[in-house]
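Participant: Structure file run.txt (compact mmCIF, C-alpha atoms) right here:
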# COMPACT_ATOMS: atom_id res chain seq x y z
CA MET A 21 -8.14 -15.39 11.33
CA ASN A 22 -5.98 -12.60 9.97
CA SER A 23 -2.76 -12.88 8.00
CA TYR A 24 -0.71 -11.53 10.94
CA SER A 25 -1.55 -14.61 13.10
CA SER A 26 -1.96 -12.25 16.03
CA LYS A 27 -4.31 -9.43 16.92
CA LEU A 28 -1.51 -7.83 18.94
CA VAL A 29 0.76 -7.64 15.91
CA GLU A 30 -2.08 -6.53 13.68
CA ASN A 31 -2.87 -3.67 16.06
CA ALA A 32 0.73 -2.55 16.25
CA VAL A 33 1.09 -2.70 12.46
CA ASN A 34 -2.07 -0.65 11.96
CA GLU A 35 -0.90 1.97 14.44
CA LEU A 36 2.56 2.20 12.87
CA ALA A 37 1.07 2.43 9.39
CA ARG A 38 -0.78 5.60 10.40
CA LEU A 39 2.56 7.43 10.58
CA PRO A 40 3.43 9.50 7.50
CA GLY A 41 5.58 7.68 4.96
CA ILE A 42 5.11 4.30 6.63
CA GLY A 43 3.02 1.72 4.80
CA LYS A 44 1.80 -1.67 5.91
CA LYS A 45 4.95 -3.48 4.77
CA THR A 46 7.33 -1.15 6.59
CA ALA A 47 5.06 -1.20 9.64
CA LEU A 48 5.24 -4.99 9.69
CA ARG A 49 9.02 -4.91 9.36
CA LEU A 50 9.23 -2.52 12.31
CA ALA A 51 6.83 -4.61 14.41
CA LEU A 52 8.78 -7.81 13.73
CA HIS A 53 12.00 -5.98 14.55
CA LEU A 54 10.57 -5.02 17.93
CA LEU A 55 9.47 -8.61 18.52
CA LYS A 56 13.02 -9.84 17.88
CA LYS A 57 14.59 -7.33 20.28
CA GLU A 58 14.44 -7.53 24.05
CA ASP A 59 11.26 -6.40 25.82
CA ASN A 60 12.64 -3.05 26.87
CA VAL A 61 13.22 -1.77 23.32
CA ALA A 62 9.51 -1.71 22.48
CA GLU A 63 8.71 -0.52 25.97
CA SER A 64 11.06 2.44 26.01
CA LEU A 65 10.01 3.42 22.47
CA GLY A 66 6.35 3.26 23.41
CA ASN A 67 6.82 5.12 26.66
CA SER A 68 8.95 7.85 25.11
CA LEU A 69 6.22 8.57 22.55
CA ILE A 70 3.45 8.66 25.15
CA LYS A 71 5.53 10.78 27.52
CA MET A 72 6.54 13.20 24.78
CA ARG A 73 2.97 13.75 23.66
CA SER A 74 1.47 14.10 27.11
CA GLU A 75 4.16 16.24 28.71
CA ILE A 76 5.25 18.51 25.86
CA MET A 77 4.52 22.21 26.24
CA PHE A 78 4.58 25.06 23.81
CA CYS A 79 6.55 28.13 24.83
CA THR A 80 4.07 30.85 25.75
CA GLU A 81 6.39 33.44 24.18
CA CYS A 82 7.38 31.97 20.82
CA PHE A 83 5.35 28.70 20.52
CA ASN A 84 8.49 26.62 20.24
CA ILE A 85 8.21 23.11 21.71
CA SER A 86 9.50 23.07 25.23
CA ASP A 87 9.75 21.03 28.40
CA SER A 88 8.73 24.05 30.44
CA GLU A 89 6.48 27.07 30.08
CA ILE A 90 9.22 29.20 28.52
CA CYS A 91 11.47 27.44 25.99
CA GLU A 92 15.23 27.16 26.38
CA ILE A 93 15.84 29.78 23.71
CA CYS A 94 13.51 32.41 25.18
CA ALA A 95 14.83 31.65 28.68
CA ASN A 96 18.47 31.96 27.64
CA PRO A 97 19.88 35.27 28.98
CA ASN A 98 22.55 35.30 26.24
CA ARG A 99 20.01 35.60 23.42
CA THR A 100 19.03 39.03 22.13
CA LYS A 101 15.34 39.51 22.90
CA GLU A 102 15.20 42.52 20.53
CA THR A 103 15.36 40.40 17.39
CA ILE A 104 12.56 37.99 16.44
CA CYS A 105 12.97 35.52 13.62
CA VAL A 106 9.57 34.43 12.24
CA VAL A 107 9.47 30.84 11.00
CA GLU A 108 6.85 28.39 9.82
CA ASP A 109 7.52 25.48 12.14
CA ILE A 110 9.83 23.91 14.68
CA ARG A 111 12.05 22.27 12.09
CA ASP A 112 13.02 25.71 10.79
CA VAL A 113 14.13 26.68 14.28
CA MET A 114 16.33 23.59 14.39
CA ALA A 115 17.77 24.34 10.95
CA ILE A 116 18.65 27.92 11.91
CA GLU A 117 19.98 26.87 15.32
CA ASN A 118 22.26 24.37 13.60
CA THR A 119 23.93 27.17 11.65
CA GLY A 120 25.01 28.79 14.93
CA GLN A 121 24.64 32.21 13.21
CA TYR A 122 21.56 33.54 14.97
CA LYS A 123 21.54 34.93 18.50
CA GLY A 124 18.02 36.36 18.72
CA VAL A 125 14.72 34.67 19.56
CA TYR A 126 12.03 33.09 17.40
CA HIS A 127 8.33 33.22 16.70
CA ILE A 128 6.79 30.04 15.32
CA LEU A 129 3.70 30.66 13.21
CA GLY A 130 2.63 27.03 13.14
CA GLY A 131 2.13 27.12 9.36
CA ILE A 132 1.76 29.64 6.57
CA ILE A 133 -1.27 31.28 5.02
CA SER A 134 -2.57 28.84 2.43
CA PRO A 135 -6.14 29.29 1.18
CA MET A 136 -5.81 26.04 -0.79
CA ASP A 137 -5.39 24.11 2.48
CA GLY A 138 -7.93 26.27 4.28
CA ILE A 139 -5.31 27.93 6.48
CA GLY A 140 -5.98 31.60 7.12
CA PRO A 141 -4.18 34.18 9.29
CA ASN A 142 -6.36 33.30 12.27
CA ASP A 143 -5.13 29.72 12.29
CA LEU A 144 -1.56 30.93 12.81
CA HIS A 145 0.22 32.60 15.72
CA ILE A 146 0.19 36.00 14.03
CA ASP A 147 -1.79 37.96 16.64
CA SER A 148 0.67 36.93 19.32
CA LEU A 149 3.55 38.12 17.11
CA ILE A 150 1.91 41.53 16.71
CA ASN A 151 1.34 41.55 20.44
CA ARG A 152 5.03 40.91 21.10
CA VAL A 153 6.04 43.69 18.72
CA SER A 154 3.48 46.12 20.11
CA GLN A 155 5.05 45.84 23.55
CA GLY A 156 7.83 47.95 22.11
CA ASN A 157 11.11 46.23 22.92
CA ILE A 158 11.58 44.63 19.51
CA GLN A 159 14.12 46.21 17.14
CA GLU A 160 13.91 43.84 14.20
CA VAL A 161 11.63 41.15 12.83
CA ILE A 162 13.34 38.77 10.41
CA MET A 163 10.96 36.91 8.12
CA ALA A 164 12.35 33.42 7.40
CA LEU A 165 9.54 31.68 5.53
CA SER A 166 9.80 29.53 2.42
CA THR A 167 10.07 31.26 -0.95
CA THR A 168 6.74 30.02 -2.18
CA ILE A 169 3.57 31.92 -3.04
CA GLU A 170 2.22 30.98 0.39
CA GLY A 171 5.40 32.17 2.07
CA ASP A 172 5.33 35.46 0.16
CA THR A 173 1.65 35.96 1.01
CA THR A 174 2.32 35.38 4.69
CA ASN A 175 5.33 37.71 4.58
CA PHE A 176 3.22 40.44 3.04
CA TYR A 177 0.33 39.92 5.46
CA ILE A 178 2.63 40.21 8.46
CA TYR A 179 4.48 43.15 6.88
CA LYS A 180 1.20 45.07 6.55
CA LYS A 181 0.32 44.33 10.17
CA LEU A 182 3.71 45.41 11.47
CA LYS A 183 4.68 48.32 9.26
CA ASP A 184 3.18 50.99 11.55
CA PHE A 185 5.28 49.84 14.49
CA LYS A 186 8.77 51.22 15.01
CA VAL A 187 10.49 48.00 13.96
CA THR A 188 12.80 46.96 11.13
CA ILE A 189 11.30 44.18 9.01
CA SER A 190 13.77 42.13 7.01
CA THR A 191 13.78 38.81 5.21
CA ILE A 192 16.60 36.30 5.05
CA ALA A 193 18.75 36.71 1.93
CA ARG A 194 17.59 34.96 -1.21
CA GLY A 195 20.14 34.24 -3.89
CA ILE A 196 22.41 31.63 -5.34
CA ALA A 197 23.32 28.93 -2.84
CA ILE A 198 26.97 28.74 -1.87
CA GLY A 199 28.65 26.17 -4.10
CA ASP A 200 26.03 26.46 -6.86
CA GLU A 201 26.96 27.09 -10.48
CA LEU A 202 25.40 30.02 -12.34
CA GLU A 203 24.41 28.09 -15.44
CA TYR A 204 22.23 25.69 -13.46
CA THR A 205 20.50 28.35 -11.38
CA ASP A 206 16.89 29.04 -12.26
CA GLU A 207 16.13 32.36 -13.96
CA VAL A 208 14.03 33.85 -11.20
CA THR A 209 16.67 33.28 -8.54
CA LEU A 210 19.44 34.51 -10.84
CA GLY A 211 17.44 37.57 -11.88
CA ARG A 212 16.63 38.50 -8.30
CA SER A 213 20.20 37.94 -7.19
CA ILE A 214 21.34 40.53 -9.74
CA ILE A 215 18.72 43.05 -8.62
CA ASN A 216 19.56 42.43 -4.98
CA ARG A 217 23.33 42.50 -5.51
CA MET A 218 25.37 43.41 -2.47
CA PRO A 219 28.62 45.29 -1.82
CA TYR A 220 31.56 42.98 -2.41
CA GLU A 221 33.19 44.10 0.83
CA SER A 222 30.24 42.75 2.81
CA THR A 223 31.07 39.21 1.69
CA LEU A 224 34.74 39.33 2.66
CA SER A 225 34.33 38.68 6.34
CA LYS A 226 32.08 35.64 5.90
CA MET B 10 20.80 22.85 25.40
CA ASN B 11 20.12 20.55 22.49
CA SER B 12 18.93 21.38 19.01
CA TYR B 13 15.54 19.74 19.65
CA SER B 14 14.63 22.39 22.30
CA SER B 15 13.13 19.58 24.36
CA LYS B 16 14.48 16.51 26.11
CA LEU B 17 11.13 14.80 25.57
CA VAL B 18 11.35 15.21 21.81
CA GLU B 19 15.04 14.29 21.80
CA ASN B 20 14.25 11.05 23.65
CA ALA B 21 11.44 10.14 21.30
CA VAL B 22 13.60 10.91 18.25
CA ASN B 23 16.45 8.77 19.59
CA GLU B 24 14.10 5.88 20.28
CA LEU B 25 12.46 6.10 16.86
CA ALA B 26 15.88 6.31 15.16
CA ARG B 27 16.80 2.93 16.63
CA LEU B 28 14.25 1.27 14.35
CA PRO B 29 15.67 -0.23 11.14
CA GLY B 30 15.58 2.10 8.14
CA ILE B 31 14.67 5.14 10.21
CA GLY B 32 17.31 7.83 10.57
CA LYS B 33 17.35 10.96 12.73
CA LYS B 34 15.58 13.08 10.12
CA THR B 35 12.71 10.65 9.59
CA ALA B 36 12.47 10.10 13.35
CA LEU B 37 12.11 13.84 13.86
CA ARG B 38 9.44 14.03 11.16
CA LEU B 39 7.50 11.24 12.87
CA ALA B 40 7.86 12.83 16.31
CA LEU B 41 6.64 16.21 15.03
CA HIS B 42 3.76 14.47 13.30
CA LEU B 43 2.72 12.91 16.61
CA LEU B 44 2.99 16.31 18.30
CA LYS B 45 0.64 17.83 15.73
CA LYS B 46 -1.97 15.08 16.13
CA GLU B 47 -4.30 14.67 19.10
CA ASP B 48 -2.95 13.11 22.27
CA ASN B 49 -4.50 9.72 21.69
CA VAL B 50 -2.61 9.02 18.44
CA ALA B 51 0.76 8.87 20.20
CA GLU B 52 -0.80 7.12 23.15
CA SER B 53 -2.46 4.33 21.20
CA LEU B 54 0.68 3.85 19.09
CA GLY B 55 2.87 3.65 22.18
CA ASN B 56 0.51 1.34 24.02
CA SER B 57 0.04 -0.99 21.06
CA LEU B 58 3.82 -1.47 20.80
CA ILE B 59 4.26 -2.11 24.52
CA LYS B 60 1.27 -4.45 24.64
CA MET B 61 2.39 -6.37 21.56
CA ARG B 62 5.88 -6.92 22.94
CA SER B 63 4.82 -7.88 26.43
CA GLU B 64 1.87 -10.11 25.58
CA ILE B 65 3.02 -11.86 22.42
CA MET B 66 3.58 -15.60 22.63
CA PHE B 67 5.29 -18.04 20.34
CA CYS B 68 3.34 -21.14 19.37
CA THR B 69 4.81 -24.10 21.26
CA GLU B 70 4.27 -26.30 18.19
CA CYS B 71 5.58 -24.25 15.26
CA PHE B 72 7.09 -21.09 16.85
CA ASN B 73 4.74 -18.82 14.92
CA ILE B 74 3.77 -15.61 16.72
CA SER B 75 0.50 -16.06 18.51
CA ASP B 76 -1.88 -14.53 21.02
CA SER B 77 -2.23 -17.90 22.73
CA GLU B 78 -0.06 -20.94 23.47
CA ILE B 79 -0.99 -22.67 20.21
CA CYS B 80 -1.19 -20.42 17.14
CA GLU B 81 -4.31 -20.03 15.03
CA ILE B 82 -2.87 -22.17 12.25
CA CYS B 83 -1.87 -25.11 14.48
CA ALA B 84 -5.17 -24.86 16.33
CA ASN B 85 -7.26 -24.85 13.13
CA PRO B 86 -8.95 -28.27 12.72
CA ASN B 87 -9.20 -27.72 8.95
CA ARG B 88 -5.41 -27.69 8.43
CA THR B 89 -3.60 -30.92 7.59
CA LYS B 90 -1.27 -31.68 10.48
CA GLU B 91 0.59 -34.27 8.35
CA THR B 92 2.37 -31.66 6.22
CA ILE B 93 4.92 -29.26 7.71
CA CYS B 94 6.25 -26.32 5.74
CA VAL B 95 9.64 -25.20 7.08
CA VAL B 96 10.27 -21.44 6.79
CA GLU B 97 12.87 -18.98 7.99
CA ASP B 98 10.63 -16.44 9.72
CA ILE B 99 7.14 -15.20 10.35
CA ARG B 100 7.02 -13.07 7.23
CA ASP B 101 7.36 -16.20 5.11
CA VAL B 102 4.31 -17.66 6.84
CA MET B 103 2.36 -14.51 5.97
CA ALA B 104 3.54 -14.62 2.35
CA ILE B 105 2.52 -18.27 1.95
CA GLU B 106 -0.78 -17.73 3.79
CA ASN B 107 -1.58 -14.88 1.42
CA THR B 108 -1.39 -17.26 -1.55
CA GLY B 109 -4.22 -19.33 -0.06
CA GLN B 110 -2.56 -22.43 -1.63
CA TYR B 111 -1.28 -24.18 1.49
CA LYS B 112 -3.44 -26.14 3.89
CA GLY B 113 -0.81 -27.76 6.12
CA VAL B 114 1.01 -26.39 9.16
CA TYR B 115 4.36 -24.61 9.54
CA HIS B 116 7.61 -24.79 11.40
CA ILE B 117 9.45 -21.51 11.86
CA LEU B 118 13.21 -21.92 12.21
CA GLY B 119 13.80 -18.37 13.41
CA GLY B 120 16.64 -17.86 10.92
CA ILE B 121 18.91 -19.90 8.67
CA ILE B 122 22.35 -21.42 9.22
CA SER B 123 24.83 -18.64 8.51
CA PRO B 124 28.38 -19.07 9.82
CA MET B 125 29.19 -15.51 8.66
CA ASP B 126 26.62 -14.14 11.11
CA GLY B 127 27.54 -16.69 13.78
CA ILE B 128 24.24 -18.56 13.45
CA GLY B 129 24.60 -22.32 13.80
CA PRO B 130 21.98 -25.13 13.83
CA ASN B 131 21.66 -24.87 17.61
CA ASP B 132 20.47 -21.27 17.37
CA LEU B 133 17.50 -22.39 15.28
CA HIS B 134 14.38 -24.42 16.03
CA ILE B 135 15.74 -27.51 14.26
CA ASP B 136 15.68 -29.95 17.17
CA SER B 137 12.01 -29.27 17.73
CA LEU B 138 11.34 -29.93 14.03
CA ILE B 139 13.09 -33.31 14.26
CA ASN B 140 11.10 -33.97 17.40
CA ARG B 141 7.82 -33.26 15.59
CA VAL B 142 8.81 -35.57 12.73
CA SER B 143 10.03 -38.32 15.06
CA GLN B 144 6.58 -38.52 16.63
CA GLY B 145 5.56 -40.26 13.42
CA ASN B 146 2.42 -38.55 12.17
CA ILE B 147 4.15 -36.37 9.59
CA GLN B 148 3.88 -37.39 5.93
CA GLU B 149 5.78 -34.58 4.24
CA VAL B 150 8.20 -31.82 5.12
CA ILE B 151 8.28 -28.99 2.58
CA MET B 152 11.44 -26.89 2.72
CA ALA B 153 10.59 -23.27 1.84
CA LEU B 154 13.82 -21.38 2.54
CA SER B 155 15.49 -18.72 0.39
CA THR B 156 17.56 -19.85 -2.58
CA THR B 157 20.84 -18.60 -1.13
CA ILE B 158 23.94 -20.49 -0.02
CA GLU B 159 22.67 -20.21 3.56
CA GLY B 160 19.24 -21.49 2.57
CA ASP B 161 20.76 -24.43 0.67
CA THR B 162 23.05 -25.24 3.61
CA THR B 163 20.11 -25.24 6.00
CA ASN B 164 18.06 -27.37 3.61
CA PHE B 165 20.86 -29.90 3.39
CA TYR B 166 21.45 -29.96 7.15
CA ILE B 167 17.78 -30.61 7.84
CA TYR B 168 17.60 -33.17 5.00
CA LYS B 169 20.46 -35.15 6.59
CA LYS B 170 18.74 -35.07 9.98
CA LEU B 171 15.38 -36.18 8.57
CA LYS B 172 16.29 -38.66 5.82
CA ASP B 173 16.14 -41.73 8.09
CA PHE B 174 12.56 -40.98 9.11
CA LYS B 175 9.68 -42.27 6.99
CA VAL B 176 8.80 -38.84 5.62
CA THR B 177 8.81 -37.23 2.19
CA ILE B 178 11.13 -34.20 2.02
CA SER B 179 10.39 -31.73 -0.76
CA THR B 180 11.34 -28.15 -1.59
CA ILE B 181 9.11 -25.52 -3.14
CA ALA B 182 9.53 -25.27 -6.93
CA ARG B 183 12.31 -23.08 -8.26
CA GLY B 184 12.03 -21.75 -11.78
CA ILE B 185 11.07 -18.80 -13.88
CA ALA B 186 8.56 -16.55 -12.17
CA ILE B 187 5.14 -16.32 -13.79
CA GLY B 188 5.13 -13.31 -16.11
CA ASP B 189 8.94 -13.23 -16.51
CA GLU B 190 10.62 -13.15 -19.90
CA LEU B 191 13.19 -15.78 -20.75
CA GLU B 192 15.83 -13.41 -22.09
CA TYR B 193 16.02 -11.51 -18.79
CA THR B 194 16.17 -14.60 -16.57
CA ASP B 195 19.58 -15.32 -15.00
CA GLU B 196 21.47 -18.34 -16.36
CA VAL B 197 21.40 -20.41 -13.18
CA THR B 198 17.64 -20.16 -12.81
CA LEU B 199 17.09 -20.81 -16.52
CA GLY B 200 19.51 -23.77 -16.52
CA ARG B 201 17.86 -25.35 -13.48
CA SER B 202 14.41 -24.79 -14.86
CA ILE B 203 15.36 -26.84 -17.95
CA ILE B 204 16.80 -29.65 -15.84
CA ASN B 205 13.77 -29.62 -13.54
CA ARG B 206 11.24 -29.39 -16.37
CA MET B 207 7.82 -30.72 -15.59
CA PRO B 208 5.03 -32.48 -17.52
CA TYR B 209 3.01 -29.94 -19.45
CA GLU B 210 -0.24 -31.53 -18.29
CA SER B 211 0.63 -30.71 -14.68
CA THR B 212 0.48 -26.98 -15.44
CA LEU B 213 -2.91 -27.07 -17.11
CA SER B 214 -5.02 -27.13 -13.99
CA LYS B 215 -3.29 -24.19 -12.37
Please, can you express the file's structure as structure tokens?
Facilitator:
Amino acid sequence: MNSYSSKLVENAVNELARLPGIGKKTALRLALHLLKKEDNVAESLGNSLIKMRSEIMFCTECFNISDSEICEICANPNRTKETICVVEDIRDVMAIENTGQYKGVYHILGGIISPMDGIGPNDLHIDSLINRVSQGNIQEVIMALSTTIEGDTTNFYIYKKLKDFKVTISTIARGIAIGDELEYTDEVTLGRSIINRMPYESTLSK
Amino acid sequence: MNSYSSKLVENAVNELARLPGIGKKTALRLALHLLKKEDNVAESLGNSLIKMRSEIMFCTECFNISDSEICEICANPNRTKETICVVEDIRDVMAIENTGQYKGVYHILGGIISPMDGIGPNDLHIDSLINRVSQGNIQEVIMALSTTIEGDTTNFYIYKKLKDFKVTISTIARGIAIGDELEYTDEVTLGRSIINRMPYESTLSK
């Protein structure tokens, strides 16, 4: 006898509760919601998860998630293959794609160097990035990692690996967010944004 | 071309986002979590949901969820079949079961009368409750619905239907929650708890 009255429900609740940010109470609410809905709601949810996990591929070029061997971005003839934007994970690709401002391709590291979590350079897709650059067609590598110690470490590690190749290495601009007020900006960001000031004319066309 | 880079992921995100309290961002986080984990995590989650929905039964006696035709509570020879506790849904059964204070059986209405939501008495398992009572073995019906207008309406509707049968109709006690301070209790609850005061001796054994 368990408090769920049903092994089937108990199983579903336990499985749902393994997802991040979902506890037993939320899991139960979701399970009961599925029980109230028609059969096909639970079925199509379940099948979509199984299908996604079993059929997903990772782009052999950039390690983006993909339905085929080469992802839609790498396969797109309108994207500049000479510029690679290096990001931590797939969500960063989505964030940058949503801006509509970037026309190059990506390289997804799958994480950042973080000794605290036991993640070293060999756990990330860094060798394959160097490989792509060494093939010679790349003009610029844009580092777009988080501004944390781990991000900076990873930036520097990759910079050291790439600096002997004939390639421009840049990072995305750090500074005061658009719409932010100076007095509430933290000192480090404000200080850096003064050091890295840019010609006023360059902002006019944005 | 969609911002998820993959139809498979987009499908899974859309399905997850149909669950209550889960938006597109959370759905994406869950989908990416499943992609990071081994195959079998997504598979066992998906299968448990499909299996739950397709194999679940509702107890023919009390409408509790069940793995068999009669639920574990109704089938338990140690429960008093003479007392029926009427609740709105399955979660209420779980809440009461968790107290360990109730040894009778249940009757799950599947909702409460709510004209605003278009739910009338015929949408609920009220007829089957009257049927159970009319068979004559029931001593007491305990109404355990929420203290809302809808709950009170449903209580009253059922009371009118049952009052001609030889059965005691009671409701669970309303009053100040254990541990609550008087000065923060709302007036209605406090007022009713004075009117419905109980002999001090009756609280001593609790």
Participant: Report as a short mmCIF file (atom, residue, chain, number, x, y, z; two decimals) with C-alpha atoms, in the frame of the given file all protein, DNA and RNA residues lying within 9 Å of Glu81 in chain B, evaluated on all atoms listed in the file, omitting residues in the same chain fewer than 6 positions from it.
Facilitator:
data_model
loop_
_atom_site.label_atom_id
_atom_site.label_comp_id
_atom_site.auth_asym_id
_atom_site.auth_seq_id
_atom_site.Cartn_x
_atom_site.Cartn_y
_atom_site.Cartn_z
CA MET A 21 -8.14 -15.39 11.33
CA SER A 25 -1.55 -14.61 13.10
CA SER A 26 -1.96 -12.25 16.03
CA CYS B 68 3.34 -21.14 19.37
CA SER B 75 0.50 -16.06 18.51
#
Participant: Which neighbours of Gly184 in chain B fall inside 12 Å, counting all atoms listed in the file, when residues of the same chain fewer than 4 positions from it are skipped, and could you give them as a VMD selection string?
Facilitator: chain B and resid 156 188 to 191 194 to 207
Participant: Based on all atoms listed in the file, which of the residues in chain B come within 8 Å of chain A? I want them as a PyMOL selection string.
Facilitator: chain B and resi 10+12-18+20-21+24-25+28-29+39-40+42-44+48+51-65+73-76+80-82+103+106-107
Participant: Identify which of the residues B:Thr157, B:Asn140, B:Ser211, B:Tyr166 lies closest to Arg183 in chain B, counting only C-alpha atoms when measuring atom-to-atom distances.
Facilitator: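 Checking each of B:Thr157, B:Asn140, B:Ser211, B:Tyr166 against Arg183 in chain B, counting only C-alpha atoms, the winner is B:Thr157.
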Participant: Between CA of Gly120 in chain A and CA of Glu170 in chain A, measure the distance and give it in Å to one decimal.
Facilitator: 27.1 Å
